[in-house]
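S.K.: I'm passing along query14.cif; it holds mmCIF, C-alpha atoms.
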data_my_file
loop_
_atom_site.group_PDB
_atom_site.id
_atom_site.type_symbol
_atom_site.label_atom_id
_atom_site.label_comp_id
_atom_site.auth_asym_id
_atom_site.auth_seq_id
_atom_site.Cartn_x
_atom_site.Cartn_y
_atom_site.Cartn_z
ATOM 1 C CA GLN A 242 43.523 1.473 21.325
ATOM 2 C CA VAL A 243 42.637 5.055 20.374
ATOM 3 C CA ARG A 244 39.356 5.268 18.546
ATOM 4 C CA LEU A 245 36.036 7.016 18.177
ATOM 5 C CA ALA A 246 32.821 5.115 17.734
ATOM 6 C CA GLU A 247 29.559 6.506 16.403
ATOM 7 C CA LEU A 248 26.532 4.914 17.986
ATOM 8 C CA GLY A 249 22.785 5.268 17.822
ATOM 9 C CA GLY A 250 21.826 5.363 14.173
ATOM 10 C CA GLY A 251 18.693 3.748 12.847
ATOM 11 C CA SER A 252 15.543 4.195 10.814
ATOM 12 C CA VAL A 253 12.735 6.578 11.664
ATOM 13 C CA GLU A 254 9.791 8.176 9.932
ATOM 14 C CA THR A 255 9.640 11.831 9.012
ATOM 15 C CA GLY A 256 9.183 13.941 12.096
ATOM 16 C CA GLY A 257 10.870 11.433 14.358
ATOM 17 C CA SER A 258 13.949 11.770 16.547
ATOM 18 C CA LEU A 259 17.223 9.972 17.068
ATOM 19 C CA ARG A 260 20.117 10.466 19.426
ATOM 20 C CA LEU A 261 23.636 9.699 18.308
ATOM 21 C CA SER A 262 26.661 9.292 20.544
ATOM 22 C CA CYS A 263 30.310 9.739 19.720
ATOM 23 C CA VAL A 264 32.267 7.693 22.237
ATOM 24 C CA ALA A 265 36.016 7.835 22.696
ATOM 25 C CA SER A 266 38.247 5.026 23.868
ATOM 26 C CA GLY A 267 41.928 5.245 24.613
ATOM 27 C CA PHE A 268 41.927 9.021 25.069
ATOM 28 C CA TYR A 269 39.979 11.793 26.773
ATOM 29 C CA LEU A 270 37.496 13.378 24.388
ATOM 30 C CA GLY A 271 37.123 16.396 26.638
ATOM 31 C CA ASN A 272 40.480 17.689 25.404
ATOM 32 C CA TRP A 273 39.198 18.116 21.872
ATOM 33 C CA ASP A 274 36.668 20.067 19.892
ATOM 34 C CA VAL A 275 34.257 17.540 18.402
ATOM 35 C CA GLY A 276 32.367 17.724 15.170
ATOM 36 C CA TRP A 277 29.527 15.671 13.779
ATOM 37 C CA PHE A 278 29.428 15.306 10.008
ATOM 38 C CA ARG A 279 27.200 13.476 7.579
ATOM 39 C CA GLN A 280 27.320 12.217 4.051
ATOM 40 C CA ALA A 281 24.147 11.645 2.097
ATOM 41 C CA PRO A 282 24.135 9.331 -0.932
ATOM 42 C CA GLY A 283 25.719 11.075 -3.890
ATOM 43 C CA LYS A 284 26.563 14.196 -1.906
ATOM 44 C CA ALA A 285 29.656 15.646 -0.310
ATOM 45 C CA ARG A 286 30.310 15.216 3.376
ATOM 46 C CA GLU A 287 29.161 18.207 5.397
ATOM 47 C CA MET A 288 29.541 19.528 8.912
ATOM 48 C CA VAL A 289 26.394 19.100 10.964
ATOM 49 C CA ALA A 290 27.361 20.339 14.409
ATOM 50 C CA CYS A 291 30.402 21.287 16.406
ATOM 51 C CA ILE A 292 31.168 21.736 20.101
ATOM 52 C CA THR A 293 34.260 23.216 21.675
ATOM 53 C CA MET A 294 36.328 21.281 24.187
ATOM 54 C CA ASN A 295 34.861 23.210 27.110
ATOM 55 C CA GLY A 296 31.341 22.647 25.804
ATOM 56 C CA LYS A 297 30.484 26.330 25.911
ATOM 57 C CA VAL A 298 30.345 27.071 22.197
ATOM 58 C CA THR A 299 28.334 25.161 19.639
ATOM 59 C CA SER A 300 27.704 25.693 15.961
ATOM 60 C CA TYR A 301 25.436 24.035 13.432
ATOM 61 C CA GLY A 302 25.004 23.586 9.733
ATOM 62 C CA TRP A 303 22.250 25.791 8.351
ATOM 63 C CA SER A 304 20.060 22.834 7.413
ATOM 64 C CA VAL A 305 19.918 21.434 10.947
ATOM 65 C CA LYS A 306 19.904 24.596 13.036
ATOM 66 C CA GLY A 307 16.994 24.587 15.467
ATOM 67 C CA ARG A 308 16.443 20.843 15.077
ATOM 68 C CA PHE A 309 19.731 19.287 16.205
ATOM 69 C CA THR A 310 21.518 19.780 19.509
ATOM 70 C CA ILE A 311 25.093 18.786 20.238
ATOM 71 C CA SER A 312 26.220 18.279 23.816
ATOM 72 C CA ARG A 313 28.900 16.689 25.942
ATOM 73 C CA ASP A 314 28.066 14.100 28.534
ATOM 74 C CA LYS A 315 29.012 14.806 32.129
ATOM 75 C CA ARG A 316 31.890 12.333 32.134
ATOM 76 C CA GLY A 317 33.400 14.115 29.174
ATOM 77 C CA ASN A 318 34.156 11.109 27.043
ATOM 78 C CA ALA A 319 31.160 11.227 24.763
ATOM 79 C CA VAL A 320 29.493 13.835 22.611
ATOM 80 C CA ASP A 321 25.845 13.375 21.755
ATOM 81 C CA LEU A 322 23.795 14.660 18.851
ATOM 82 C CA GLN A 323 20.073 14.933 19.516
ATOM 83 C CA MET A 324 18.212 15.060 16.229
ATOM 84 C CA ASN A 325 14.583 16.134 16.158
ATOM 85 C CA SER A 326 12.049 16.783 13.404
ATOM 86 C CA LEU A 327 13.958 14.513 11.066
ATOM 87 C CA GLY A 328 13.215 14.532 7.368
ATOM 88 C CA PRO A 329 14.347 12.475 4.368
ATOM 89 C CA ASP A 330 17.118 15.011 3.648
ATOM 90 C CA ASP A 331 18.710 14.007 6.956
ATOM 91 C CA THR A 332 19.341 10.508 5.644
ATOM 92 C CA GLY A 333 22.997 9.608 5.463
ATOM 93 C CA VAL A 334 25.971 8.202 7.292
ATOM 94 C CA TYR A 335 26.900 10.261 10.335
ATOM 95 C CA TYR A 336 30.477 10.546 11.536
ATOM 96 C CA CYS A 337 32.209 12.253 14.408
ATOM 97 C CA ALA A 338 35.740 13.576 14.566
ATOM 98 C CA THR A 339 38.082 15.448 16.899
ATOM 99 C CA ASP A 340 37.925 18.561 14.769
ATOM 100 C CA CYS A 341 35.228 20.811 13.391
ATOM 101 C CA GLU A 342 36.984 21.731 10.177
ATOM 102 C CA LEU A 343 36.243 19.192 7.463
ATOM 103 C CA SER A 344 39.392 19.955 5.495
ATOM 104 C CA ARG A 345 41.601 19.028 8.463
ATOM 105 C CA ILE A 346 40.168 15.550 8.945
ATOM 106 C CA TYR A 347 42.009 12.753 7.167
ATOM 107 C CA SER A 348 40.779 9.697 8.970
ATOM 108 C CA TRP A 349 37.201 8.636 9.525
ATOM 109 C CA GLY A 350 35.514 5.899 11.496
ATOM 110 C CA GLN A 351 32.776 3.657 10.208
ATOM 111 C CA GLY A 352 30.010 6.095 10.977
ATOM 112 C CA THR A 353 26.429 5.256 11.781
ATOM 113 C CA GLN A 354 23.584 5.089 9.285
ATOM 114 C CA VAL A 355 20.527 7.296 9.722
ATOM 115 C CA THR A 356 17.571 6.643 7.447
ATOM 116 C CA VAL A 357 14.465 8.808 7.482
ATOM 117 C CA SER A 358 11.483 7.592 5.511
ATOM 118 C CA GLN A 359 8.533 9.639 4.377
#
Represent the supplied structure as structure tokens.

M.R.:
Amino acid sequence: QVRLAELGGGSVETGGSLRLSCVASGFYLGNWDVGWFRQAPGKAREMVACITMNGKVTSYGWSVKGRFTISRDKRGNAVDLQMNSLGPDDTGVYYCATDCELSRIYSWGQGTQVTVSQ
């Protein structure tokens, strides 16, 4: 079965850290660019971070730049998102996808909830 799973969400206090993983099954994630996205309550979904298939180029949304780091694991079938200095505005459901362009993504997984309390 071909699927992506988002793992690692949870609840932290402001200033804390979380690490999310996007894990592929049924296909090799290393053949795809991978994007992390999030949707906060009442807001539109937005791109958080993106990594190219070779792992050499990364990009970030302006609100997370300098705090979040996207990376590929050595086996190539997972993409992690290290999130530091979290604040309440980072609260939302986080999703990953095999594309970095939001408008090209038509199918989403369940996502993983991240809640940051003050």

S.K.: Could you spell out the hits of the PyMOL selection byres ((chain A and resi 248-261) around 6) on the shown file, as a VMD selection string?

M.R.: chain A and resid 247 262 321 to 328 353 to 359

S.K.: Calculated over only C-alpha atoms, which of the candidates A:Ala281, A:Asp331, A:Gly271, A:Thr293 has the smallest distance to Arg308 (chain A)?

M.R.: A:Asp331

S.K.: Given the file above and the PyMOL selection byres ((chain A and resi 266-269) around 7), which residues are selected, and can you give them as JSON, numbers by chain?

M.R.: {"A": [242, 243, 244, 245, 264, 265, 270, 271, 272, 318]}

S.K.: Would you kindly translate the PyMOL selection byres ((chain A and resi 351) around 9) into the concrete residues it picks from this file, as number ranges by chain?

M.R.: A: 246-247, 334-336, 349-350, 352-353

S.K.: Find the spatial neighbours of Ser344 (chain A), counting all atoms listed in the file, within a cut-off of 12 Å - ignore same-chain residues fewer than 4 positions away - and output them as an NGL selection string.

M.R.: :A and (278 or 286-288 or 338 or 340 or 348)

S.K.: Please indicate the distance in Å from CA of Cys263 (chain A) to CA of Val320 (chain A), rounded to one decimal place.

M.R.: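 Result for CA of Cys263 (chain A) versus CA of Val320 (chain A): 5.1 Å, one decimal.
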
S.K.: Find the distance between CA of Ser312 (chain A) and CA of Thr299 (chain A) and write it in Å to one decimal.

M.R.: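 Taking CA of Ser312 (chain A) and CA of Thr299 (chain A), their separation equals 8.3 Å.
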